Structure formats: C-alpha cells, structure tokens
>>> print(open('query-v4.cif').read())   # mmCIF, C-alpha atoms and all ligand atoms
data_input
loop_
_atom_site.label_atom_id
_atom_site.label_comp_id
_atom_site.auth_asym_id
_atom_site.auth_seq_id
_atom_site.Cartn_x
_atom_site.Cartn_y
_atom_site.Cartn_z
CA LEU M 28 -10.56 -6.24 -11.91
CA ALA M 29 -11.71 -4.69 -15.17
CA MET M 30 -11.01 -6.14 -18.59
CA PRO M 31 -9.22 -4.28 -21.41
CA ASN M 32 -11.65 -5.23 -24.21
CA THR M 33 -13.21 -1.78 -24.21
CA ASP M 34 -13.25 1.08 -26.71
CA PRO M 35 -10.44 2.08 -26.75
CA VAL M 36 -8.64 -1.17 -25.94
CA VAL M 37 -6.45 -0.81 -22.83
CA ASP M 38 -3.20 -1.47 -24.67
CA THR M 39 -1.08 1.61 -23.89
CA ALA M 40 0.19 3.20 -20.68
CA ALA M 41 -1.71 6.40 -21.59
CA VAL M 42 -5.12 4.68 -21.77
CA LEU M 43 -4.41 2.64 -18.64
CA GLY M 44 -3.11 5.66 -16.74
CA ALA M 45 -6.33 7.59 -17.42
CA LEU M 46 -8.40 4.69 -16.06
CA VAL M 47 -6.24 4.37 -12.96
CA GLU M 48 -6.64 8.11 -12.29
CA ARG M 49 -10.39 7.90 -12.77
CA ALA M 50 -10.67 4.94 -10.41
CA ARG M 51 -8.63 6.85 -7.80
CA ALA M 52 -11.11 9.73 -8.03
CA GLU M 53 -14.41 7.87 -8.40
CA ALA M 54 -14.28 4.20 -7.40
CA VAL M 55 -15.90 3.29 -4.08
CA VAL M 56 -14.15 -0.09 -3.87
CA PRO M 57 -10.54 -0.96 -4.77
CA THR M 58 -10.47 -1.43 -8.53
CA GLY M 59 -7.80 -2.94 -10.72
CA PHE M 60 -7.25 -3.03 -14.46
CA MET M 61 -5.92 -5.69 -16.75
CA ALA M 62 -4.08 -4.58 -19.87
CA ALA M 63 -4.15 -6.25 -23.27
CA ILE M 64 -1.67 -8.94 -24.26
CA SER M 65 -1.60 -7.86 -27.91
CA LYS M 66 -1.93 -4.41 -29.48
CA GLY M 67 -5.58 -3.73 -30.28
CA GLN M 68 -6.21 -7.32 -29.11
CA ARG M 69 -5.45 -8.26 -32.71
CA GLY M 70 -3.24 -11.17 -31.69
CA GLU M 71 -0.35 -9.97 -33.87
CA GLU M 72 2.06 -7.92 -31.79
CA LEU M 73 2.65 -7.82 -28.03
CA THR M 74 1.85 -4.68 -26.05
CA GLU M 75 4.60 -2.83 -24.16
CA MET M 76 4.14 -5.00 -21.08
CA ALA M 77 6.84 -3.36 -18.95
CA GLU M 78 5.33 0.10 -19.51
CA LEU M 79 1.83 -1.19 -18.77
CA ALA M 80 3.06 -2.85 -15.57
CA ALA M 81 4.68 0.43 -14.50
CA ALA M 82 1.40 2.25 -15.24
CA GLY M 83 -0.46 -0.04 -12.83
CA ALA M 84 -1.71 -3.11 -14.74
CA SER M 85 -2.89 -6.00 -12.51
CA ALA M 86 -2.44 -8.67 -15.18
CA PHE M 87 -2.54 -9.13 -18.96
CA THR M 88 -5.40 -10.57 -20.98
CA ASP M 89 -6.93 -10.37 -24.46
CA ASP M 90 -10.28 -11.45 -22.95
CA GLY M 91 -13.14 -11.63 -25.36
CA LEU M 92 -10.63 -13.06 -27.80
CA PRO M 93 -8.12 -15.91 -27.60
CA VAL M 94 -4.42 -15.50 -28.38
CA VAL M 95 -4.59 -17.64 -31.51
CA SER M 96 -0.88 -17.77 -32.33
CA ALA M 97 1.05 -20.25 -30.17
CA GLY M 98 4.27 -18.35 -30.90
CA LEU M 99 2.80 -15.07 -29.67
CA MET M 100 1.48 -16.82 -26.55
CA ARG M 101 4.94 -18.19 -25.81
CA ARG M 102 6.49 -14.71 -26.17
CA ALA M 103 3.69 -13.27 -24.00
CA LEU M 104 4.66 -15.74 -21.27
CA GLN M 105 8.32 -14.73 -21.59
CA TYR M 106 7.68 -10.96 -21.51
CA SER M 107 4.98 -11.02 -18.84
CA GLY M 108 7.46 -13.03 -16.77
CA LEU M 109 9.72 -9.99 -16.66
CA THR M 110 6.87 -7.96 -15.12
CA GLY M 111 5.87 -10.62 -12.57
CA LEU M 112 2.23 -10.20 -13.61
CA PRO M 113 0.07 -13.17 -14.64
CA LEU M 114 -1.61 -13.82 -17.98
CA ALA M 115 -5.37 -14.37 -17.73
CA LEU M 116 -6.50 -16.48 -20.66
CA HIS M 117 -9.74 -16.78 -22.58
CA CYS M 118 -9.27 -20.23 -24.10
CA GLU M 119 -11.01 -20.64 -27.44
CA GLU M 120 -9.89 -22.21 -30.72
CA PRO M 121 -11.75 -19.98 -33.19
CA GLU M 122 -11.70 -22.52 -36.01
CA LEU M 123 -13.72 -24.86 -33.78
CA SER M 124 -16.08 -22.25 -32.30
CA ARG M 125 -16.77 -20.39 -35.57
CA ASP M 126 -20.50 -19.82 -36.16
CA GLY M 127 -21.19 -21.52 -32.82
CA HIS M 128 -24.08 -20.17 -30.76
CA ALA M 129 -24.69 -22.99 -28.24
CA HIS M 130 -22.87 -25.98 -26.73
CA GLU M 131 -22.49 -28.80 -29.26
CA GLY M 132 -24.92 -31.42 -27.99
CA VAL M 133 -28.51 -32.59 -28.09
CA VAL M 134 -29.97 -29.12 -27.49
CA SER M 135 -28.02 -27.35 -30.25
CA ALA M 136 -28.88 -30.20 -32.65
CA GLU M 137 -32.59 -30.12 -31.83
CA LEU M 138 -32.79 -26.33 -32.11
CA GLY M 139 -30.59 -26.22 -35.20
CA LEU M 140 -28.17 -23.77 -33.58
CA GLY M 141 -24.55 -23.56 -34.72
CA PRO M 142 -22.52 -25.84 -32.40
CA TYR M 143 -19.71 -24.58 -30.13
CA PRO M 144 -18.01 -27.80 -28.94
CA SER M 145 -16.28 -28.30 -25.58
CA ALA M 146 -13.10 -29.06 -27.53
CA ALA M 147 -13.03 -25.45 -28.79
CA GLU M 148 -12.13 -24.56 -25.20
CA SER M 149 -10.20 -27.61 -24.05
CA VAL M 150 -7.69 -27.81 -26.93
CA MET M 151 -6.66 -24.22 -26.16
CA VAL M 152 -6.53 -24.99 -22.42
CA GLU M 153 -4.20 -27.91 -23.21
CA ARG M 154 -1.98 -25.76 -25.44
CA ASP M 155 -1.70 -22.95 -22.92
CA LEU M 156 -0.96 -25.35 -20.05
CA ALA M 157 1.81 -26.94 -22.16
CA LEU M 158 3.33 -23.51 -22.88
CA ALA M 159 3.03 -22.37 -19.25
CA GLY M 160 4.81 -25.56 -18.20
CA LEU M 161 7.51 -25.02 -20.80
CA GLU M 162 8.15 -21.41 -19.74
CA GLU M 163 7.54 -22.15 -16.05
CA ARG M 164 5.19 -19.20 -15.84
CA HIS M 165 1.90 -18.68 -14.02
CA ILE M 166 -1.29 -18.59 -16.09
CA HIS M 167 -4.85 -18.02 -14.98
CA LEU M 168 -7.57 -19.81 -16.95
CA MET M 169 -10.72 -17.72 -17.18
CA HIS M 170 -14.33 -18.88 -17.16
CA LEU M 171 -13.82 -22.64 -17.65
CA SER M 172 -16.97 -24.36 -18.90
CA ALA M 173 -16.16 -27.94 -19.96
CA ARG M 174 -15.30 -31.17 -18.12
CA GLU M 175 -12.43 -31.76 -20.59
CA SER M 176 -10.88 -28.43 -19.51
CA VAL M 177 -11.22 -29.35 -15.83
CA ASP M 178 -9.54 -32.71 -16.54
CA ALA M 179 -6.65 -30.93 -18.29
CA LEU M 180 -6.36 -28.47 -15.39
CA ARG M 181 -6.16 -31.35 -12.89
CA ARG M 182 -3.44 -33.12 -14.89
CA ALA M 183 -1.42 -29.90 -15.09
CA LEU M 184 -1.76 -29.22 -11.35
CA GLU M 185 -0.62 -32.80 -10.72
CA ALA M 186 2.42 -32.17 -12.95
CA GLY M 187 3.31 -29.00 -11.03
CA VAL M 188 2.28 -26.39 -13.62
CA ASP M 189 1.70 -22.99 -12.00
CA VAL M 190 -1.95 -22.50 -12.96
CA SER M 191 -5.03 -21.00 -11.35
CA ALA M 192 -8.57 -21.08 -12.69
CA GLU M 193 -11.98 -19.53 -12.29
CA VAL M 194 -15.59 -20.41 -13.05
CA THR M 195 -18.67 -18.20 -13.45
CA PRO M 196 -21.95 -18.36 -11.52
CA HIS M 197 -23.86 -19.06 -14.75
CA HIS M 198 -21.74 -22.09 -15.66
CA LEU M 199 -22.10 -23.39 -12.08
CA CYS M 200 -25.89 -23.00 -11.99
CA GLN M 201 -27.19 -23.55 -15.50
CA THR M 202 -26.93 -25.94 -18.43
CA ASP M 203 -27.64 -25.75 -22.15
CA GLU M 204 -31.20 -26.88 -21.38
CA ALA M 205 -31.80 -23.18 -20.59
CA VAL M 206 -31.04 -22.37 -24.25
CA ARG M 207 -34.34 -24.02 -25.27
CA SER M 208 -35.97 -20.72 -24.22
CA LEU M 209 -33.95 -18.97 -26.97
CA ASP M 210 -33.57 -16.11 -24.49
CA PRO M 211 -30.52 -14.05 -25.59
CA ASN M 212 -29.72 -13.62 -21.86
CA VAL M 213 -28.52 -17.24 -21.72
CA LYS M 214 -26.10 -16.68 -24.61
CA MET M 215 -22.55 -16.34 -23.42
CA ASN M 216 -19.00 -17.25 -24.46
CA PRO M 217 -18.12 -19.95 -23.55
CA PRO M 218 -21.67 -21.30 -23.79
CA LEU M 219 -23.69 -23.06 -21.09
CA ARG M 220 -22.79 -26.74 -21.35
CA SER M 221 -24.22 -30.10 -20.21
CA GLU M 222 -25.17 -31.23 -16.70
CA ASP M 223 -22.08 -33.46 -16.70
CA ASP M 224 -19.88 -30.39 -17.39
CA ARG M 225 -21.67 -28.40 -14.69
CA LEU M 226 -21.08 -31.15 -12.13
CA ALA M 227 -17.36 -31.25 -13.02
CA LEU M 228 -17.13 -27.48 -12.44
CA VAL M 229 -18.92 -27.67 -9.07
CA GLU M 230 -16.66 -30.53 -7.94
CA ALA M 231 -13.52 -28.61 -8.98
CA LEU M 232 -14.70 -25.50 -7.13
CA ARG M 233 -15.45 -27.61 -4.07
CA ASP M 234 -12.04 -29.32 -3.94
CA GLY M 235 -10.09 -26.20 -4.94
CA ALA M 236 -8.77 -27.23 -8.37
CA ILE M 237 -10.74 -24.17 -9.47
CA GLY M 238 -9.90 -21.60 -6.80
CA ALA M 239 -12.02 -18.62 -7.82
CA VAL M 240 -15.49 -17.54 -8.80
CA ALA M 241 -15.50 -14.71 -11.36
CA THR M 242 -18.56 -13.19 -12.98
CA ASP M 243 -17.34 -12.53 -16.56
CA HIS M 244 -19.72 -9.54 -16.18
CA ALA M 245 -20.58 -8.34 -19.69
CA PRO M 246 -23.17 -5.54 -19.94
CA HIS M 247 -25.15 -5.12 -23.14
CA ALA M 248 -27.83 -2.55 -23.92
CA ARG M 249 -31.35 -3.91 -24.25
CA GLN M 250 -31.54 -3.19 -27.99
CA GLU M 251 -28.37 -5.25 -28.59
CA LYS M 252 -29.93 -8.31 -26.94
CA ASP M 253 -33.46 -7.67 -28.24
CA VAL M 254 -32.81 -9.73 -31.39
CA PRO M 255 -33.11 -13.43 -32.34
CA PHE M 256 -30.77 -15.76 -30.42
CA GLU M 257 -28.34 -16.31 -33.30
CA GLU M 258 -27.91 -12.57 -33.90
CA ALA M 259 -27.50 -11.66 -30.21
CA PRO M 260 -24.04 -10.85 -28.84
CA PHE M 261 -22.46 -13.14 -26.23
CA GLY M 262 -22.40 -12.07 -22.58
CA VAL M 263 -24.44 -11.55 -19.43
CA ILE M 264 -24.10 -9.39 -16.33
CA GLY M 265 -23.42 -11.08 -13.00
CA LEU M 266 -21.76 -8.80 -10.44
CA GLU M 267 -24.87 -7.89 -8.46
CA THR M 268 -26.31 -11.42 -8.34
CA ALA M 269 -23.16 -13.57 -7.94
CA PHE M 270 -23.42 -14.34 -4.22
CA SER M 271 -27.20 -14.79 -4.14
CA ALA M 272 -27.25 -16.99 -7.26
CA LEU M 273 -24.60 -19.34 -5.88
CA TYR M 274 -26.08 -19.35 -2.38
CA THR M 275 -29.50 -20.24 -3.84
CA HIS M 276 -28.37 -22.77 -6.45
CA LEU M 277 -25.42 -24.47 -4.70
CA VAL M 278 -25.28 -23.77 -0.95
CA LEU M 279 -28.96 -24.20 -0.03
CA PRO M 280 -29.33 -27.53 -1.94
CA GLY M 281 -26.16 -28.79 -0.18
CA ALA M 282 -23.81 -28.93 -3.18
CA LEU M 283 -21.29 -26.45 -1.69
CA ARG M 284 -20.51 -25.26 1.84
CA LEU M 285 -21.07 -21.58 2.56
CA GLU M 286 -17.49 -21.28 3.89
CA THR M 287 -16.14 -22.66 0.61
CA LEU M 288 -18.23 -20.27 -1.48
CA LEU M 289 -17.03 -17.29 0.56
CA GLU M 290 -13.40 -18.39 0.21
CA ARG M 291 -13.73 -18.80 -3.58
CA MET M 292 -15.27 -15.32 -3.87
CA SER M 293 -12.65 -13.51 -1.73
CA ALA M 294 -9.26 -15.04 -0.91
CA GLY M 295 -9.32 -17.38 -3.93
CA PRO M 296 -9.43 -14.67 -6.59
CA ALA M 297 -6.92 -12.55 -4.63
CA ARG M 298 -4.48 -15.46 -4.61
CA ALA M 299 -4.90 -16.07 -8.35
CA PHE M 300 -3.80 -12.50 -9.11
CA GLY M 301 -1.16 -12.11 -6.39
CA LEU M 302 -3.25 -9.57 -4.46
CA VAL M 303 -3.37 -9.28 -0.69
CA GLU M 304 -5.86 -11.82 0.68
CA PRO M 305 -8.58 -10.10 2.73
CA ARG M 306 -8.41 -10.97 6.45
CA ILE M 307 -10.62 -10.02 9.36
CA GLU M 308 -8.02 -9.05 11.94
CA VAL M 309 -7.27 -6.33 14.48
CA GLY M 310 -5.23 -3.64 12.79
CA ALA M 311 -5.99 -4.82 9.22
CA ARG M 312 -7.92 -2.66 6.71
CA ALA M 313 -11.49 -3.98 6.78
CA ASN M 314 -12.63 -5.71 3.59
CA LEU M 315 -15.86 -7.50 4.40
CA VAL M 316 -19.54 -7.86 3.67
CA THR M 317 -22.56 -8.42 5.88
CA LEU M 318 -24.93 -11.04 4.49
CA ASP M 319 -28.62 -11.46 5.21
CA LEU M 320 -29.02 -15.19 4.58
CA ASP M 321 -32.78 -15.07 5.23
CA ALA M 322 -33.44 -12.38 2.61
CA GLU M 323 -35.59 -13.35 -0.37
CA TRP M 324 -35.66 -11.12 -3.41
CA ARG M 325 -36.79 -11.18 -6.99
CA VAL M 326 -34.40 -10.25 -9.81
CA THR M 327 -36.04 -7.55 -11.93
CA GLU M 328 -34.84 -5.40 -14.79
CA ASP M 329 -35.21 -2.17 -12.82
CA GLY M 330 -33.49 -3.58 -9.73
CA PHE M 331 -29.95 -3.30 -11.11
CA ARG M 332 -27.51 -0.53 -10.35
CA SER M 333 -25.72 -1.54 -13.56
CA LEU M 334 -26.84 0.42 -16.63
CA SER M 335 -27.61 -2.94 -18.26
CA ALA M 336 -30.05 -5.65 -17.19
CA ASN M 337 -29.00 -8.56 -19.44
CA SER M 338 -29.17 -11.07 -16.59
CA TRP M 339 -29.89 -14.81 -16.92
CA LEU M 340 -31.75 -14.52 -13.59
CA LEU M 341 -34.55 -12.08 -14.55
CA GLY M 342 -37.78 -13.08 -12.85
CA GLU M 343 -36.11 -15.56 -10.50
CA THR M 344 -36.45 -15.36 -6.71
CA LEU M 345 -33.08 -15.62 -4.95
CA HIS M 346 -32.14 -16.26 -1.35
CA GLY M 347 -29.46 -14.43 0.61
CA ARG M 348 -28.28 -10.92 -0.04
CA VAL M 349 -25.31 -8.62 0.56
CA VAL M 350 -26.62 -5.84 2.83
CA ARG M 351 -23.41 -4.01 3.70
CA THR M 352 -19.95 -3.79 2.13
CA ILE M 353 -16.85 -2.36 3.77
CA ALA M 354 -14.00 -1.99 1.30
CA ASP M 355 -10.49 -0.90 2.23
CA GLY M 356 -11.72 0.29 5.62
CA ARG M 357 -14.62 2.39 4.29
CA GLU M 358 -18.31 1.67 4.11
CA ALA M 359 -19.05 1.37 0.37
CA PHE M 360 -22.60 -0.02 0.38
CA ALA M 361 -25.34 -0.01 2.99
CA GLY M 362 -29.10 0.40 3.18
CA GLY M 363 -29.42 -0.38 -0.52
CA GLN M 364 -27.22 2.59 -1.45
CA VAL M 365 -23.70 2.92 -2.82
CA LEU M 366 -21.89 5.36 -0.53
CA HIS M 367 -19.50 7.72 -2.25
CA SER M 368 -16.44 7.99 -0.13
CA HIS M 369 -13.51 8.62 -2.44
CA THR M 370 -9.72 8.27 -2.41
CA GLN M 371 -9.74 4.52 -2.93
CA GLN M 372 -6.61 2.58 -3.59
CA VAL M 373 -6.01 1.01 -6.96
CA MET M 374 -5.35 -2.71 -6.82
CA ARG M 375 -2.40 -4.32 -8.44
ZN ZN M 401 -13.65 -14.35 -22.05
#
>>> encode(input="query-v4.cif", output="structure tokens", more="lines below")
Ligand SMILES: [Zn+2]
Amino acid sequence: LAMPNTDPVVDTAAVLGALVERARAEAVVPTGFMAAISKGQRGEELTEMAELAAAGASAFTDDGLPVVSAGLMRRALQYSGLTGLPLALHCEEPELSRDGHAHEGVVSAELGLGPYPSAAESVMVERDLALAGLEERHIHLMHLSARESVDALRRALEAGVDVSAEVTPHHLCQTDEAVRSLDPNVKMNPPLRSEDDRLALVEALRDGAIGAVATDHAPHARQEKDVPFEEAPFGVIGLETAFSALYTHLVLPGALRLETLLERMSAGPARAFGLVEPRIEVGARANLVTLDLDAEWRVTEDGFRSLSANSWLLGETLHGRVVRTIADGREAFAGGQVLHSHTQQVMR
C-alpha cells in the first residue's frame, strides 16, 4: 500500500486513477494506494472520499502529517464510513513535537537535541480512539512508537473500539541510544524511543494488540540526508530489510516466534485494511515467499533495489533472507532478480 504524501498529493480521482493504471501496467506485485483525507493534506477540507473510493483507494490517510483539527477528524470518520474504507492515522500533536528531532529523554538532553515527547503521539492516539469510539468507525493507528500509545490502544480494545495498529521494524529493534551516533539514518517520525517503549511494542506485537508490521518506508536521496542531524529530514527505508531485520533482532534472540512474525507481516496487515488474507491452499492464488533462514548477508548502500539507501541497517550483518516471492500466482522475485510479469491486480 502506497501513501498519498507525494508530489502531487493523491487527493483527486484523476491523480489516483493514473497511479492505478500505472500499477496495472508495471507493478510485479499487487499494489494498493491510499488517498488523502484532506485536500493537499492541508488539514482544512476533506477530499471527495466517495469519488476516491470509486477510483480504487484502499484507505484514507494524511500520513506524514496529522489531522490536527478534531472536528475535521470527526467528519472524516463520518464520510469515510460511507465508503467502508478505513482511516489510517499518523498520530502527532504538532504543538508538542515542534522543533523535536529525537525522543524526549536522557539522550536528547545530553546531545542538546530538540525533544519530541511520547505524549506528542499518545495524546493524539487518545483523541482519535475517543472519536472512533464515538462514531463507531474503524481506525488504523500507524507506526506506534510509545508505551503510552500502546496502553491507550489496549484500553480501547478492551472497551470494544474498532481499532487496528501497526509497528515498524526500526521501532521494534532500536532505541534512542542509536541517536548518539548522530547518523541521519536513525532520524524518523515518530522518533526511536526508550528501551521500555521498545519492549512495550514487542509485547503488543507478540500478543496481537498490534496486529501488523509496516515499514513506513521513506526514501530520501543521499544529498538530503548528508547534512547535520538537526537539518536532516525524517524517514528511513525498510521494505527490503524488514523480514531479515526482525528475524535477526527478535526471532533469533527468542523475543518473538517465527510463526508470529510471519502472521504479522502477511495476514495481520491484510486484516487491518480489509484485504483478502493470503492462504496456502489448493485452488487459491499463490501469495508466498521462500525464506533461506541460514542466509547471512551484509546491508550495503549498493545492495538496494530501491533508488535510495537511507537505511538504519547499513553495515550490519543480517540473518535470514527472502529468496523467492510468488505474488498473485506469479513469480515476482527469484535468483536475486525482480521478474517482470505484468497484468497485476490492484489491491483494494
Ligand atoms: Zn507517518
């Protein structure tokens, strides 16, 4: 699923339709597109959600930016309800995160970096859960990073709110201690937080309160990141390393079962967005990967298929690797090569 915070913003049926056509012609795996919640992602006026749904949107999000106005968020829940598509929310209170470059804690204080507190996320999580409960609508919380947010998610699930949530590989594997390197490739939004936050995320992924791993893949050109930490943009890539990073950092040390990781990277995300859950079954379209769990490989800048290499894993040796991918019944990746067999379906 691709995000709409591109240039141009995916906020009209015309822009979305062009992307859907291009994916039909070029994508080698089923690809879906989220459309913006607000026009231009400016947080002022809702997009034409019914038209965007008809043009093939998978969900609505203003990702990269929060929906600051509570009134607009409530109307977004009401209108998205008519389309049956979920809202995927980037929870951030900008008045609390302003000028923040790292998690508010010992590390940001010692380095003198602008603090981005956990509460900047969790107060917005609490607001959005309250509104989703009020409107009885499904919301999906993206890239949770803080224990306080996980606690709010658990209370809402207990109260019967229709909510799903995701967590990124970098928040599951790293803490703000990594920021001491001042490497711009450990600068993301939300920021890496404390070990206590990381443990809360792993526990929630393990017990299913957080049902999905998502990469929050954000490519940046080298020159954009080749600046001092405080000037660098937020965001790291993660698609090509997601499985190996989590296998190395969580499964091998015994923090997560392999079966659980595979579920949270396949059926879990499908469920969160109302997509068909992949099954291995006679007569079903094959959607599966072959893993080499004994593989050992080093993450290098020139090893990415992505045009960008802004990875938090550069130089690290990882274990386990995807060696073959079959998507929608066609071989999409094998022998280290992407195979170009076209006419792929578009997900929604
Ligand atoms: Zn985001």
>>> residues_near_ligand(input="query-v4.cif", ligand="ligand ZN 401 (chain M)", cutoff="7 Å", atoms="only C-alpha atoms and all ligand atoms", output="PyMOL selection string")
chain M and resi 90-92+117+169-170+216+243
>>> residues_near_point(input="query-v4.cif", point="(-5.7, -2.5, 5.0)", cutoff="7 Å", atoms="only C-alpha atoms", output="ChimeraX atom specification")
/M:311-313,355-356
>>> atom_distance(input="query-v4.cif", atom1="CA of Ala269 in chain M", atom2="CA of His197 in chain M")
8.8 Å
>>> closest_residue(input="query-v4.cif", among="M:Thr242, M:Gln201, M:Thr275, M:Ser85", to="Gly301 in chain M", atoms="all atoms listed in the file")
M:Ser85
>>> atom_distance(input="query-v4.cif", atom1="CA of His244 in chain M", atom2="CA of Gly262 in chain M")
7.4 Å
>>> residues_around(input="query-v4.cif", residues="Met76 in chain M", least_positions_apart="6", cutoff="9 Å", atoms="all atoms listed in the file", output="list in words")
Asp38, Thr39, Ala62, Ala63, Ile64, Ala84, Phe87, Ala103, Tyr106, Ser107, Leu109 and Thr110 of chain M
>>> write_last_selection(input="query-v4.cif", atoms="C-alpha atoms", output="CSV table (one decimal), in the frame of the given file")
chain,number,residue,atom,x,y,z
M,38,ASP,CA,-3.2,-1.5,-24.7
M,39,THR,CA,-1.1,1.6,-23.9
M,62,ALA,CA,-4.1,-4.6,-19.9
M,63,ALA,CA,-4.2,-6.2,-23.3
M,64,ILE,CA,-1.7,-8.9,-24.3
M,84,ALA,CA,-1.7,-3.1,-14.7
M,87,PHE,CA,-2.5,-9.1,-19.0
M,103,ALA,CA,3.7,-13.3,-24.0
M,106,TYR,CA,7.7,-11.0,-21.5
M,107,SER,CA,5.0,-11.0,-18.8
M,109,LEU,CA,9.7,-10.0,-16.7
M,110,THR,CA,6.9,-8.0,-15.1
>>> atom_distance(input="query-v4.cif", atom1="CA of Glu162 in chain M", atom2="CA of Met100 in chain M")
10.6 Å
>>> closest_residue(input="query-v4.cif", among="M:Glu163, M:Glu153, M:Glu286, M:Glu343", to="Arg233 in chain M", atoms="all atoms listed in the file")
M:Glu286
>>> closest_residue(input="query-v4.cif", among="M:Pro57, M:Arg51, M:Ala115, M:Ala336", to="Gln250 in chain M", atoms="all atoms listed in the file")
M:Ala336
>>> closest_residue(input="query-v4.cif", among="M:Arg102, M:Met292, M:Val229, M:Ala40", to="Leu266 in chain M", atoms="all atoms listed in the file")
M:Met292
>>> closest_residue(input="query-v4.cif", among="M:Leu289, M:Ala82, M:Met215, M:Ala77", to="Phe60 in chain M", atoms="all atoms listed in the file")
M:Ala82
>>> closest_residue(input="query-v4.cif", among="M:Leu209, M:Val134, M:Leu168, M:Val240", to="Leu114 in chain M", atoms="only C-alpha atoms")
M:Leu168
>>> residues_around(input="query-v4.cif", residues="range 344-347 of chain M", least_positions_apart="5", cutoff="7 Å", atoms="only C-alpha atoms", output="PyMOL selection string")
chain M and resi 271-272+274-275+318-326
>>> axis_aligned_box(input="query-v4.cif", around="range 231-247 of chain M", padding_each_side="4 Å", output="JSON")
{"center_x": -17.0, "center_y": -17.2, "center_z": -13.5, "size_x": 24.4, "size_y": 32.2, "size_z": 27.2}
>>> residues_around(input="query-v4.cif", residues="Ala29 in chain M", least_positions_apart="3", cutoff="8 Å", atoms="only C-alpha atoms", output="PyMOL selection string")
chain M and resi 58-61
>>> residues_around(input="query-v4.cif", residues="Asp126 in chain M", least_positions_apart="3", cutoff="8 Å", atoms="all atoms listed in the file", output="list in words")
Gly141, Pro142 and Tyr143 of chain M
>>> residues_around(input="query-v4.cif", residues="Ser149 in chain M", least_positions_apart="4", cutoff="9 Å", atoms="all atoms listed in the file", output="PyMOL selection string")
chain M and resi 118-120+145+153-154+171+173-177+179
>>> decode(input="query-v4.cif", residues="range 250-266 of chain M", atoms="N, CA, C and O atoms", output="PDB file, in the first residue's frame")
ATOM      1  N   GLN M 250      21.911  13.216  -0.850  1.00  0.00           N
ATOM      2  CA  GLN M 250      22.239  14.610  -0.519  1.00  0.00           C
ATOM      3  C   GLN M 250      21.269  15.208   0.502  1.00  0.00           C
ATOM      4  O   GLN M 250      21.621  16.087   1.267  1.00  0.00           O
ATOM      5  N   GLU M 251      20.014  14.691   0.536  1.00  0.00           N
ATOM      6  CA  GLU M 251      19.051  15.201   1.520  1.00  0.00           C
ATOM      7  C   GLU M 251      19.463  14.806   2.939  1.00  0.00           C
ATOM      8  O   GLU M 251      19.255  15.546   3.891  1.00  0.00           O
ATOM      9  N   LYS M 252      20.026  13.581   3.065  1.00  0.00           N
ATOM     10  CA  LYS M 252      20.381  13.071   4.388  1.00  0.00           C
ATOM     11  C   LYS M 252      21.834  13.407   4.765  1.00  0.00           C
ATOM     12  O   LYS M 252      22.243  13.217   5.903  1.00  0.00           O
ATOM     13  N   ASP M 253      22.591  13.896   3.787  1.00  0.00           N
ATOM     14  CA  ASP M 253      24.015  14.153   4.004  1.00  0.00           C
ATOM     15  C   ASP M 253      24.217  15.534   4.624  1.00  0.00           C
ATOM     16  O   ASP M 253      24.948  16.371   4.109  1.00  0.00           O
ATOM     17  N   VAL M 254      23.521  15.767   5.732  1.00  0.00           N
ATOM     18  CA  VAL M 254      23.545  17.069   6.421  1.00  0.00           C
ATOM     19  C   VAL M 254      23.547  16.781   7.925  1.00  0.00           C
ATOM     20  O   VAL M 254      23.301  15.651   8.331  1.00  0.00           O
ATOM     21  N   PRO M 255      23.824  17.784   8.765  1.00  0.00           N
ATOM     22  CA  PRO M 255      23.784  17.538  10.219  1.00  0.00           C
ATOM     23  C   PRO M 255      22.418  17.019  10.667  1.00  0.00           C
ATOM     24  O   PRO M 255      21.394  17.323  10.041  1.00  0.00           O
ATOM     25  N   PHE M 256      22.423  16.242  11.754  1.00  0.00           N
ATOM     26  CA  PHE M 256      21.227  15.538  12.237  1.00  0.00           C
ATOM     27  C   PHE M 256      20.003  16.452  12.299  1.00  0.00           C
ATOM     28  O   PHE M 256      18.914  16.087  11.854  1.00  0.00           O
ATOM     29  N   GLU M 257      20.178  17.646  12.873  1.00  0.00           N
ATOM     30  CA  GLU M 257      19.008  18.512  13.083  1.00  0.00           C
ATOM     31  C   GLU M 257      18.440  19.070  11.785  1.00  0.00           C
ATOM     32  O   GLU M 257      17.289  19.480  11.741  1.00  0.00           O
ATOM     33  N   GLU M 258      19.253  19.089  10.721  1.00  0.00           N
ATOM     34  CA  GLU M 258      18.750  19.598   9.432  1.00  0.00           C
ATOM     35  C   GLU M 258      18.195  18.475   8.559  1.00  0.00           C
ATOM     36  O   GLU M 258      17.528  18.734   7.555  1.00  0.00           O
ATOM     37  N   ALA M 259      18.480  17.226   8.913  1.00  0.00           N
ATOM     38  CA  ALA M 259      18.091  16.094   8.067  1.00  0.00           C
ATOM     39  C   ALA M 259      16.581  15.871   8.123  1.00  0.00           C
ATOM     40  O   ALA M 259      15.954  16.081   9.165  1.00  0.00           O
ATOM     41  N   PRO M 260      15.998  15.442   6.992  1.00  0.00           N
ATOM     42  CA  PRO M 260      14.571  15.111   7.007  1.00  0.00           C
ATOM     43  C   PRO M 260      14.335  13.809   7.765  1.00  0.00           C
ATOM     44  O   PRO M 260      15.252  12.998   7.929  1.00  0.00           O
ATOM     45  N   PHE M 261      13.094  13.621   8.250  1.00  0.00           N
ATOM     46  CA  PHE M 261      12.715  12.371   8.910  1.00  0.00           C
ATOM     47  C   PHE M 261      12.539  11.281   7.864  1.00  0.00           C
ATOM     48  O   PHE M 261      12.140  11.549   6.738  1.00  0.00           O
ATOM     49  N   GLY M 262      12.803  10.020   8.245  1.00  0.00           N
ATOM     50  CA  GLY M 262      12.412   8.898   7.397  1.00  0.00           C
ATOM     51  C   GLY M 262      13.548   7.997   6.987  1.00  0.00           C
ATOM     52  O   GLY M 262      14.656   8.451   6.716  1.00  0.00           O
ATOM     53  N   VAL M 263      13.256   6.688   6.956  1.00  0.00           N
ATOM     54  CA  VAL M 263      14.226   5.682   6.534  1.00  0.00           C
ATOM     55  C   VAL M 263      13.520   4.673   5.625  1.00  0.00           C
ATOM     56  O   VAL M 263      12.302   4.538   5.675  1.00  0.00           O
ATOM     57  N   ILE M 264      14.308   3.976   4.801  1.00  0.00           N
ATOM     58  CA  ILE M 264      13.723   2.907   4.000  1.00  0.00           C
ATOM     59  C   ILE M 264      13.660   1.636   4.855  1.00  0.00           C
ATOM     60  O   ILE M 264      14.323   1.547   5.887  1.00  0.00           O
ATOM     61  N   GLY M 265      12.870   0.666   4.422  1.00  0.00           N
ATOM     62  CA  GLY M 265      12.734  -0.538   5.246  1.00  0.00           C
ATOM     63  C   GLY M 265      12.146  -1.746   4.532  1.00  0.00           C
ATOM     64  O   GLY M 265      12.148  -2.846   5.074  1.00  0.00           O
ATOM     65  N   LEU M 266      11.655  -1.551   3.313  1.00  0.00           N
ATOM     66  CA  LEU M 266      10.961  -2.658   2.631  1.00  0.00           C
ATOM     67  C   LEU M 266      11.863  -3.871   2.423  1.00  0.00           C
ATOM     68  O   LEU M 266      11.448  -5.003   2.653  1.00  0.00           O
TER      69      LEU M 266
END
